[in-house]
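What follows is a short report on a single structure.
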Amino acid sequence: MIGGVATGIAPPAPVRVGGRVKPPTWFIRVEPEYPPLARQAHIQGDVLIEVILDEHGSVEEAKVVSGPPLLIQAALNAVRKWKYEPTYLNDKQVSVQLKVTVTFRINQ
């Protein structure tokens, strides 16, 4: 919509990282809070999340691909606060899709 008028033009789809599109660099990375129940149960591991960043580098969407169930919400909460440098394609800022891993280790 432009000025309240529908344009009929869909926004461009996010560009998938890979090939000539380099992964964006984060500059704010919030560490997840280890869930107390997971810590008590000695659950650790990696949560893989598919993320869509807008053209400014903010997390627009975050969807879990895999990981221990007790760690998923803490990982999502942290990733949604991450901020990346904008990604450029042909000198234009673009939305990108990538996968990120949030690692939980009891000793951390």
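The chains in the structure tokens are called A, B, ... from first to last as shown; in each chain the residues are counted from 1, and the ligands are counted from 1 in the order shown.
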
Test item: residues at most 9 Å from A:Pro24, only C-alpha atoms, excluding those fewer than 2 positions along its chain, as JSON, numbers by chain: {"A": [17, 21, 22, 26, 57, 84, 85, 86, 87, 96, 98]}

For A:Gly45, list every protein, DNA or RNA residue within 9 Å, evaluated using only C-alpha atoms, and leave out those in the same chain fewer than 4 positions away; present the list as a list in words. Gly67, Pro68, Leu71, Val102, Thr103, Phe104 and Arg105 of chain A

Using only C-alpha atoms, the residue out of A:Leu48, A:Val30, A:Leu53, A:Leu37 with shortest distance to A:Gln97 is A:Leu53

Find the residues near A:Pro12: any atom within 12 Å, counting only C-alpha atoms, skip ones fewer than 5 places away on the same chain, and give them as a PyMOL selection string. chain A and resi 54-55+93-96

Select from stretch 32-107 of chain A everything DSSP, run on the backbone, classes as strand (DSSP E or B), then give the selection as a ChimeraX atom specification. /A:45-53,58-66,83-84,87-89,92-94,96-104

Got time to write the residues from that selection, N, CA and C atoms, as a CSV table (one decimal), in the first residue's frame?
```
chain,number,residue,atom,x,y,z
A,45,GLY,N,22.5,-28.6,24.2
A,45,GLY,CA,22.5,-29.0,22.8
A,45,GLY,C,22.3,-27.7,21.9
A,46,ASP,N,22.1,-27.9,20.6
A,46,ASP,CA,22.0,-26.8,19.7
A,46,ASP,C,20.5,-26.7,19.2
A,47,VAL,N,20.1,-25.4,19.1
A,47,VAL,CA,18.8,-25.2,18.5
A,47,VAL,C,19.0,-24.5,17.2
A,48,LEU,N,18.5,-25.1,16.1
A,48,LEU,CA,18.7,-24.5,14.7
A,48,LEU,C,17.4,-23.7,14.4
A,49,ILE,N,17.6,-22.5,14.0
A,49,ILE,CA,16.5,-21.6,13.7
A,49,ILE,C,16.7,-21.0,12.3
A,50,GLU,N,15.6,-21.0,11.6
A,50,GLU,CA,15.6,-20.3,10.3
A,50,GLU,C,15.1,-18.9,10.5
A,51,VAL,N,15.9,-18.0,10.0
A,51,VAL,CA,15.6,-16.5,10.3
A,51,VAL,C,15.4,-15.8,9.0
A,52,ILE,N,14.5,-14.9,9.0
A,52,ILE,CA,14.4,-13.9,7.9
A,52,ILE,C,14.7,-12.5,8.5
A,53,LEU,N,15.7,-11.9,7.9
A,53,LEU,CA,16.0,-10.5,8.3
A,53,LEU,C,15.4,-9.5,7.3
A,58,SER,N,17.2,-6.4,10.9
A,58,SER,CA,16.4,-6.8,12.0
A,58,SER,C,15.7,-8.1,11.8
A,59,VAL,N,15.6,-8.9,12.8
A,59,VAL,CA,14.9,-10.2,12.7
A,59,VAL,C,13.4,-10.0,12.5
A,60,GLU,N,13.0,-10.5,11.4
A,60,GLU,CA,11.5,-10.3,11.0
A,60,GLU,C,10.7,-11.5,11.4
A,61,GLU,N,11.3,-12.7,11.1
A,61,GLU,CA,10.7,-14.0,11.4
A,61,GLU,C,11.8,-14.9,12.0
A,62,ALA,N,11.4,-15.8,12.9
A,62,ALA,CA,12.3,-16.8,13.4
A,62,ALA,C,11.4,-18.1,13.6
A,63,LYS,N,11.9,-19.2,13.0
A,63,LYS,CA,11.2,-20.5,13.0
A,63,LYS,C,12.2,-21.6,13.4
A,64,VAL,N,11.8,-22.4,14.4
A,64,VAL,CA,12.7,-23.4,14.8
A,64,VAL,C,12.7,-24.6,13.8
A,65,VAL,N,13.9,-25.1,13.5
A,65,VAL,CA,14.1,-26.2,12.6
A,65,VAL,C,14.3,-27.5,13.4
A,66,SER,N,15.1,-27.3,14.5
A,66,SER,CA,15.4,-28.5,15.3
A,66,SER,C,16.0,-28.0,16.7
A,83,LYS,N,20.6,-8.3,16.0
A,83,LYS,CA,20.6,-7.3,15.0
A,83,LYS,C,21.8,-7.5,14.1
A,84,TYR,N,21.6,-7.4,12.8
A,84,TYR,CA,22.7,-7.7,11.8
A,84,TYR,C,22.9,-6.4,11.0
A,87,THR,N,22.3,-6.4,4.5
A,87,THR,CA,22.9,-7.2,3.4
A,87,THR,C,22.6,-6.5,2.1
A,88,TYR,N,23.6,-6.4,1.2
A,88,TYR,CA,23.4,-5.7,0.0
A,88,TYR,C,23.5,-6.7,-1.2
A,89,LEU,N,22.7,-6.5,-2.2
A,89,LEU,CA,22.7,-7.2,-3.4
A,89,LEU,C,22.6,-6.2,-4.5
A,92,LYS,N,22.0,-2.7,-3.3
A,92,LYS,CA,20.7,-2.4,-2.7
A,92,LYS,C,20.5,-3.3,-1.4
A,93,GLN,N,20.0,-2.7,-0.3
A,93,GLN,CA,19.7,-3.5,0.8
A,93,GLN,C,18.6,-4.4,0.5
A,94,VAL,N,18.8,-5.7,1.0
A,94,VAL,CA,17.8,-6.7,0.7
A,94,VAL,C,17.5,-7.5,2.0
A,96,VAL,N,17.0,-11.1,3.8
A,96,VAL,CA,17.7,-12.3,3.6
A,96,VAL,C,17.1,-13.4,4.5
A,97,GLN,N,17.3,-14.7,4.1
A,97,GLN,CA,16.9,-15.8,4.9
A,97,GLN,C,18.2,-16.6,5.2
A,98,LEU,N,18.4,-17.0,6.4
A,98,LEU,CA,19.5,-17.8,6.8
A,98,LEU,C,19.2,-18.7,8.0
A,99,LYS,N,20.0,-19.6,8.3
A,99,LYS,CA,19.9,-20.5,9.5
A,99,LYS,C,20.9,-20.1,10.5
A,100,VAL,N,20.5,-20.1,11.7
A,100,VAL,CA,21.5,-19.8,12.8
A,100,VAL,C,21.4,-20.9,13.9
A,101,THR,N,22.4,-21.1,14.6
A,101,THR,CA,22.5,-22.1,15.6
A,101,THR,C,22.7,-21.4,17.0
A,102,VAL,N,21.9,-21.7,17.9
A,102,VAL,CA,22.1,-21.3,19.3
A,102,VAL,C,22.5,-22.5,20.1
A,103,THR,N,23.7,-22.3,20.7
A,103,THR,CA,24.2,-23.5,21.5
A,103,THR,C,24.1,-23.3,23.0
A,104,PHE,N,23.6,-24.3,23.6
A,104,PHE,CA,23.4,-24.3,25.1
A,104,PHE,C,24.4,-25.4,25.6
```

Using DSSP secondary structure from the backbone, list all helix (DSSP H, G or I) positions within chain A, as a list in words. Pro36, Leu37, Ala38, Arg39, Gln40, Pro69, Leu70, Leu71, Ile72, Gln73, Ala74, Ala75, Leu76, Asn77, Ala78 and Val79 of chain A

Output for the residues just chosen: N, CA and C atoms as an mmCIF file, in the first residue's frame:
```cif
data_model
loop_
_atom_site.group_PDB
_atom_site.id
_atom_site.type_symbol
_atom_site.label_atom_id
_atom_site.label_comp_id
_atom_site.auth_asym_id
_atom_site.auth_seq_id
_atom_site.Cartn_x
_atom_site.Cartn_y
_atom_site.Cartn_z
ATOM 1 N N PRO A 36 15.896 -22.749 33.654
ATOM 2 C CA PRO A 36 16.263 -23.464 34.888
ATOM 3 C C PRO A 36 15.936 -24.957 34.851
ATOM 4 N N LEU A 37 14.779 -25.310 34.307
ATOM 5 C CA LEU A 37 14.405 -26.725 34.247
ATOM 6 C C LEU A 37 15.367 -27.511 33.358
ATOM 7 N N ALA A 38 15.774 -26.933 32.246
ATOM 8 C CA ALA A 38 16.726 -27.593 31.347
ATOM 9 C C ALA A 38 18.082 -27.746 32.032
ATOM 10 N N ARG A 39 18.499 -26.719 32.776
ATOM 11 C CA ARG A 39 19.771 -26.793 33.496
ATOM 12 C C ARG A 39 19.718 -27.891 34.564
ATOM 13 N N GLN A 40 18.606 -27.947 35.315
ATOM 14 C CA GLN A 40 18.454 -28.969 36.357
ATOM 15 C C GLN A 40 18.462 -30.375 35.768
ATOM 16 N N PRO A 69 13.431 -29.591 23.011
ATOM 17 C CA PRO A 69 12.219 -28.818 23.303
ATOM 18 C C PRO A 69 12.341 -27.829 24.476
ATOM 19 N N LEU A 70 13.048 -28.207 25.525
ATOM 20 C CA LEU A 70 13.156 -27.309 26.677
ATOM 21 C C LEU A 70 14.035 -26.084 26.409
ATOM 22 N N LEU A 71 14.780 -26.083 25.304
ATOM 23 C CA LEU A 71 15.675 -24.968 24.997
ATOM 24 C C LEU A 71 15.124 -24.052 23.897
ATOM 25 N N ILE A 72 14.084 -24.491 23.215
ATOM 26 C CA ILE A 72 13.590 -23.778 22.033
ATOM 27 C C ILE A 72 13.128 -22.360 22.347
ATOM 28 N N GLN A 73 12.281 -22.173 23.331
ATOM 29 C CA GLN A 73 11.741 -20.833 23.586
ATOM 30 C C GLN A 73 12.832 -19.853 23.984
ATOM 31 N N ALA A 74 13.796 -20.293 24.790
ATOM 32 C CA ALA A 74 14.898 -19.408 25.184
ATOM 33 C C ALA A 74 15.722 -19.005 23.964
ATOM 34 N N ALA A 75 15.931 -19.943 23.039
ATOM 35 C CA ALA A 75 16.683 -19.642 21.819
ATOM 36 C C ALA A 75 15.922 -18.633 20.960
ATOM 37 N N LEU A 76 14.634 -18.850 20.778
ATOM 38 C CA LEU A 76 13.823 -17.919 19.987
ATOM 39 C C LEU A 76 13.817 -16.521 20.601
ATOM 40 N N ASN A 77 13.651 -16.455 21.914
ATOM 41 C CA ASN A 77 13.636 -15.155 22.597
ATOM 42 C C ASN A 77 14.930 -14.390 22.357
ATOM 43 N N ALA A 78 16.055 -15.078 22.393
ATOM 44 C CA ALA A 78 17.350 -14.428 22.182
ATOM 45 C C ALA A 78 17.517 -13.993 20.729
ATOM 46 N N VAL A 79 17.236 -14.899 19.794
ATOM 47 C CA VAL A 79 17.455 -14.616 18.370
ATOM 48 C C VAL A 79 16.602 -13.439 17.901
#
```

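Here atom CA of A:Ile43 stands at a distance of 23.7 Å from atom CA of A:Trp82.
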